[in-house]
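Asks: Below you will find the structure I want to go over with you.
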Amino acid sequence: MATHVRPSVAGRLAALDALTEDPGREAAILAALEDETPAVRQRAIRMATRFIEPEVLGELVADQANATRRNAAIVALERQGPYAVRHLQTMLGRPELDVVMFALQVLARIGDPTAVPSVLPLVRHPDLNIAQSAVEALGQLRNVEAVPALLELLHGELWLQLAAIDALGEIGDPRAVGPLVALVPDSVVADPAVRALQRIAAPESLDLLLARLPQVRERPLRDLLLLTIGVVIDLHPDPVPVALQYSAELELDPSGAVLDDLREILGAEPPDGDPEQVDQQDPDAIKDATSLLRAATALAVTAGLRSLFPLVLTRIATDEGAAWGEGVFRRCSKAVTPALRELLQHTDPRVRRGALLVGVFEAEDLPRVLRHLEEADELVRAAACRAMGLIGEAAVVPLLVKRLREGEAAEQATAVSALSHFSVESMQELASCLGPEVHEPVLLGALEVLGKQGIGRFEARITDLTRHPSHAVRRAAIRAAAKLPVEQAEVLLLRALADRHKPIQVDALQLLIELGGSTTVPTLVALLGRSDSLRYHVIRALGHMRATDAVQRLESLYQDCGPHEQAEILLALIRINGPGVAGFLRHRLSEPETELRRIAAHGIAGLADRAQLPLLLSLASDGDWNVRNEAARGLGLLGLTECRDPLLTLVRDMEPVVAKTARTALDQLRMTASTPA
Amino acid sequence: MNSVETADWKLVTDLIQDRFGLAFDGVRREILESRLRPRLRELRQGSLREYYLYLRFHPEREAELNRLASLITNNETYFFRETNHFEVLVKHVLPPLRPSLRERPFKILCAGCSSGEEAYSMVITFQNAGLEMAGITWEIDAHDVSPERIARGRQAVYDPNSLRVCDPETRQRYFTHSEGRYRLKERHQKGVRFFETNLVAPNGTLGWALFDAVLCRNMLIYFGDAAFDSVIGLFGRSLRPGGYLLLGHSESLLNRDTPFIPVSVEGGVVYRKGPAAS
C-alpha cells in the first residue's frame, strides 16, 4: 500500500506561494491556517488577509471547535484593518458572546474611529465581559465621544470602574480630571486613577494633585502621585504660581513625610557606571528611579522647597545624567534666583557649582560669580566661566580668553562656549590664542569660537590656518572660514575641496551648501567631471542645495555612473524637484536594478501630482513590496476619493509594511474628507 | 515612525537578516536603532534609506558591512562564563573519545566566539584537567563575523571587564598585567585558531564531520527562523556522528526538525548528533 508522505515545511510554504487565482485557493489557505508549524500559519495568515473576505474569516471566529484557525482568522481580520471594519461591526450583533468579544477586541486594535457608535451601546451590555471589552475598546479607540458614558461607570461595578478609569486615561480628556482625583487617596481604585491622571496630564490637575499629596499615607501611592505631578509640571505652561501656593504646606507639614520622601529620592546614588553593575540592574527599575528623581526635582524647584535645593544642586553638579535639572531651574528662574544667590556661598563646592550651572544671573551678580574663578576646584571655575558667558557682559571677555589660554581642560571647553555669547566687537583679545606659538588645543578652541562667531578681523590668520600642517587645525579653520564674508569664505572652502584629508573635503562641501554662495553651484557642477570619490559627495551636495542649474548635468551623467552614484543622482533630482523630474523618474522604473526602481517610485509618490495617478495605480500591483509601498504612500498624498478602492486592496497586502502604509493613507483620506472645504 | 521610515527600517533589517541572519524586532529594534544612529551621523547619512543604499552600492560597502557586523552583534562575553559547559566537555564528551584522541586532536568549534574569551577559557579548563599530561591535544576553531573582534582575539589582550569573574589569583596565574589591560599568557592560547566567518553564509572553513563538539552560546537567540535552521544544519554537518552541540541556557531546539537529540547532562540539556544523521 502506498503511504502518503506529507510535504516538508519548505514544501508546504512553496505550495502556498504557488497558489493561483482558482477555486481551490481559498480552501488551501483556510487549511494552512491550522498548520502545526508557525511559519506556515504565518504565511497563510498573510494570504488570508489578502484573499479571504471578512465574512468568511468571521465564520472562523465563530467556530469554537477549532481554536487554531479561529486565532489565525482574528489576526487576519485585524490585518485587514479598515476593509474588515464594516463586517466586524455586524459581528457585534451576533448571539455568540465570545464572537462579540473578539470583534470588539479586533475593532479596538484596528483603531478606526468610525467604529465608536457601534461600540458605545455595548458598555451597558448585561454580560459584564462584553461590557468590559467595550469599555476597553473605547479606550483604545481614543474618541472623546465616549467620555460621558465612561464617567457614568466610575461608580459602578468594580471591573467596569477599573476599565473605565483606564479608558479615560487613554482618551486623555480633561473632563475626567475632577472625577478621577475624587477617587484619590481613599478608594480601592486610587492607584489606577492616579495612573490615568498621569496619562491625561492636564494642567488643571496640578492644583488638585498637589492638594492630595500630603494626604496620601502609603509610600507607593505617594511615589505614583509624585510621578504624576512631575509629568503635569513638565507639560504645564506656567506651573510656578500654582506650585508655590503649596510651598509652605509642604515645608511645614508636621508629619514631614513628603519632604522625607523627596530627600530620599534626591539623595539616592545614581546608577553605577560599572557595566557589570548596570547589567545586573533591572532597566525598568533604573527608568522608574530616574523618572521619580525628575519628578522630585520638578516639584522641589517649582514649589520653591528651599531646604531641598542643596540636594538638587549637588545632584546636578555631580550626576552627568541629571543635566535636565538645569532646564527645571531655568524655567523657574525668577522665583529661584534669590535662593541661588545665597547658595553661591554654600560650604559644599558641589552646591556652589550646581548653583552656577543652573542660575540665570544678571550683570549685578557678576562680582559674585567672578569670585569663583579663584576657587581651588576646577569644575567650579568652569561653571563660573559658563555663568559669565550667560550674563554676557563684554568686560569679562579678557578673563575668559585667559581661561582658554591658561586654564585646565574643563575651563577651556567652557570658556570656548561662553565666548560664543559675546559680540564680534569684543573679541580682539582672542588674537592671543591664535598666534603661532600657542598650543594646538588653545588654537582649536579659538577657532571653534570663530567658527560660531565669524570675526572678519582675523581673516588673514584664518586663511593661514587653513594651510596648517595639522588636519585638526585645518578642519577647525575651514569652519571658521565659513563664517567670513561670503566671497572670502567661498574661495577658502572651494580650495578645501582639494584638501588631502577626506573629512575636510566633505566638511567643506557641507559648509558650501550652508553658505549658498553664487559660484558654488557652477564650481560643483564642474567637479562632476572628476570621477573620484568626492563626486559622490558633490552629487549629494547639489541635491541638498536644490541646485536647479545642475539638473541637466546630473541627468546626462546618470548613464556613465555606477549604481551608488546613480542612486545619489536620483535622490538629488528628487530633492531638486526640477520641471522634468517626473519623466526622468518614470524611465527609471524600467531599470533592471531594483533599488533604482524603488527610488524612482519614491520620487514619483512624493510628487503628489494628480497626473501621476494612473502610474501610481499600476505601481500598486508591482511585484516589489517597496514599490507597492510607495504607491500606497503616493495615493495617500494625492488624497483623492478615487484612491480609496486601490488603498482598500493595498491595506490587505501580504507585506505588513505596505498594509500599514495603506492604512495610514486611508486615515489621511478620511481626515481630508471630513475637513470642511 | 511614519510609513517611509517603516519601509526604510524594513530594508535595513531585511539586509541584516539576509547577510547575518539576525532578526531585529520588539525591544531589539530599539537596540539596533541606538547602535546605528551614531554611525549614520558619522557617515553623514540623513536617513536609514541612505544608509541602506550605502550598504548596497557604495564602493566601501564591504568595509561598512564588516563594521556593521561588529555594531549589531552581541560581544557580551568574559572569561569563565557559564563554566558548566566546559565541565560537560571534560567529563562527558571527552572520556569515550580518549582512545581515538591518541591519534588526533580533540576538535571543538566555538561559534560566535567574539574576542576569544570563551575559547581561551576552554584551553585553561583543558590544561587544568590534565589533558596535556595525558598526551591529548586539542584544536579549538573560533569563528566570529566581526573582523575587529577576531583581531582582538588573536591579540589576546583584554580589559578588566573581560576578567570580571576572575579573582586576583586567577588574574595573576593566567595573565600578565600592563597599563590597565591583561594579556593572556602564551601557553594558554595553545590550540586556538581564529576565523572571520559569517555562519549564515559560510565560506567552507567549518569542514565536514570534523568536530567532536560545537559550542554556540547566546547567539541563536538573535537569529530569525531561516538563519537558525541554516546554522543548525551547518553544525549538524560539521559534527562527527555522535558529536555534541552545546547551546546557551535560553536556547533550545525544541519543536524543530534537526539531526539532534536532547541529552540531559550535569543538570542541563545538551544536544547530540545521532550516529546515522548526516
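Labels used: A, B, ... for chains in the order of the C-alpha cells, numbers from 1 for residues in each chain, and numbers from 1 for ligands as shown.
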Find the residues of chain B in contact range of chain A, meaning any atom within 12 Å when counting only C-alpha atoms, and list them as a count of residues only.

Replies: 46

Asks: Write down as a ChimeraX atom specification the residues belonging to stretch 632-676 of chain A that are assigned alpha helix (DSSP H) by DSSP computed on the backbone.

Replies: /A:632-638,644-650,656-674

Asks: Looking only at the backbone, which of the residues in stretch 60-273 of chain B does DSSP tag as strand (DSSP E), as a ChimeraX atom specification?

Replies: /B:106-111,138-144,157-158,175-178,181-184,192-196,211-216,239-247,260-265,268-273

Asks: Just the residues within 6 Å of stretch 403-414 of chain A, please, counting only C-alpha atoms, with nothing from its chain fewer than 5 positions along; format it as a ChimeraX atom specification.

Replies: /A:382,386,442

Asks: Store the residues picked out above in a file with all heavy atoms, as a CSV table (one decimal), in the first residue's frame.

Replies:
```csv
chain,number,residue,atom,x,y,z
A,382,ALA,N,35.1,76.2,36.1
A,382,ALA,CA,34.5,76.0,34.7
A,382,ALA,C,33.0,76.5,34.8
A,382,ALA,O,32.5,77.1,33.8
A,382,ALA,CB,34.6,74.6,34.3
A,386,ARG,N,31.0,79.5,32.6
A,386,ARG,CA,29.7,79.3,31.9
A,386,ARG,C,28.7,80.4,32.3
A,386,ARG,O,28.1,81.0,31.5
A,386,ARG,CB,29.1,77.9,32.2
A,386,ARG,CG,28.1,77.5,31.4
A,386,ARG,CD,27.6,76.2,31.8
A,386,ARG,NE,26.2,76.2,32.0
A,386,ARG,CZ,25.4,75.3,31.5
A,386,ARG,NH1,25.8,74.3,30.9
A,386,ARG,NH2,24.1,75.4,31.8
A,442,VAL,N,44.5,75.1,22.4
A,442,VAL,CA,44.1,76.5,22.6
A,442,VAL,C,43.7,77.0,21.2
A,442,VAL,O,42.6,77.7,21.0
A,442,VAL,CB,45.2,77.4,23.2
A,442,VAL,CG1,44.8,78.8,23.3
A,442,VAL,CG2,45.6,76.8,24.6
```

Asks: If you count only C-alpha atoms, which residues fall within 6 Å of stretch 153-156 of chain B, apart from same-chain ones fewer than 2 positions away, as a ChimeraX atom specification?

Replies: /B:115-116,150-151,183-184

Asks: Would you mind listing what lies within 6 Å of B:Gly21 as an NGL selection string, with only C-alpha atoms counted and same-chain residues fewer than 4 positions away left out?

Replies: :B and (17 or 200 or 223 or 227)

Asks: Store the residues of this selection in a file with all heavy atoms, as a CSV table (one decimal), in the first residue's frame.

Replies:
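As written to disk, result-v2.csv reads:
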```csv
chain,number,residue,atom,x,y,z
B,17,GLN,N,19.2,40.7,8.1
B,17,GLN,CA,18.8,39.3,8.3
B,17,GLN,C,19.4,38.4,7.2
B,17,GLN,O,19.9,37.3,7.4
B,17,GLN,CB,17.3,39.2,8.3
B,17,GLN,CG,16.8,37.8,8.6
B,17,GLN,CD,15.5,37.8,9.4
B,17,GLN,OE1,14.9,38.8,9.7
B,17,GLN,NE2,15.1,36.6,9.8
B,200,VAL,N,26.0,32.4,8.5
B,200,VAL,CA,24.8,32.4,7.7
B,200,VAL,C,25.2,32.2,6.2
B,200,VAL,O,24.5,31.6,5.4
B,200,VAL,CB,24.0,33.6,7.9
B,200,VAL,CG1,22.7,33.6,7.0
B,200,VAL,CG2,23.6,33.8,9.3
B,223,PHE,N,18.8,35.1,16.1
B,223,PHE,CA,18.6,34.7,14.7
B,223,PHE,C,17.1,34.6,14.3
B,223,PHE,O,16.3,34.2,15.1
B,223,PHE,CB,19.3,33.4,14.4
B,223,PHE,CG,20.8,33.5,14.1
B,223,PHE,CD1,21.5,34.6,14.5
B,223,PHE,CD2,21.4,32.4,13.5
B,223,PHE,CE1,22.8,34.7,14.2
B,223,PHE,CE2,22.8,32.5,13.3
B,223,PHE,CZ,23.5,33.6,13.6
B,227,ALA,N,17.6,31.6,9.4
B,227,ALA,CA,19.1,31.6,9.7
B,227,ALA,C,19.3,30.6,10.8
B,227,ALA,O,20.3,29.8,10.8
B,227,ALA,CB,19.5,33.0,10.2
```

Asks: Would you mind listing what lies within 7 Å of A:Leu616 as number ranges by chain, with only C-alpha atoms counted and same-chain residues fewer than 3 positions away left out?

Replies: A: 612-613, 619-620, 631, 634-635

Asks: Have a look at atom CA of A:Arg350 and atom CA of A:Gly392 and let me know their distance in Å, one decimal.

Replies: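 A separation of 23.9 Å between them.
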
Asks: Expressed in Å to a single decimal, how great is the separation between atom CA of B:Phe194 and atom CA of B:Val123?

Replies: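 These two atoms are separated by 13.8 Å.
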
Asks: Pick out the residues sitting within 7 Å of B:Gln189, and hand them over as JSON, numbers by chain; count only C-alpha atoms, and ignore anything fewer than 3 positions along from it in its own chain.

Replies: {"B": [120, 123, 186, 192]}

Asks: My list of candidates is B:Leu36, B:Val88, B:Val12, B:Leu253. Which is closest to B:Gly267 when distances are computed with only C-alpha atoms?

Replies: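 For B:Gly267, the nearest of the candidates is B:Val88.
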
Asks: In Å, how far is it from atom CA of B:His92 to atom CA of B:Glu251?

Replies: 20.5 Å
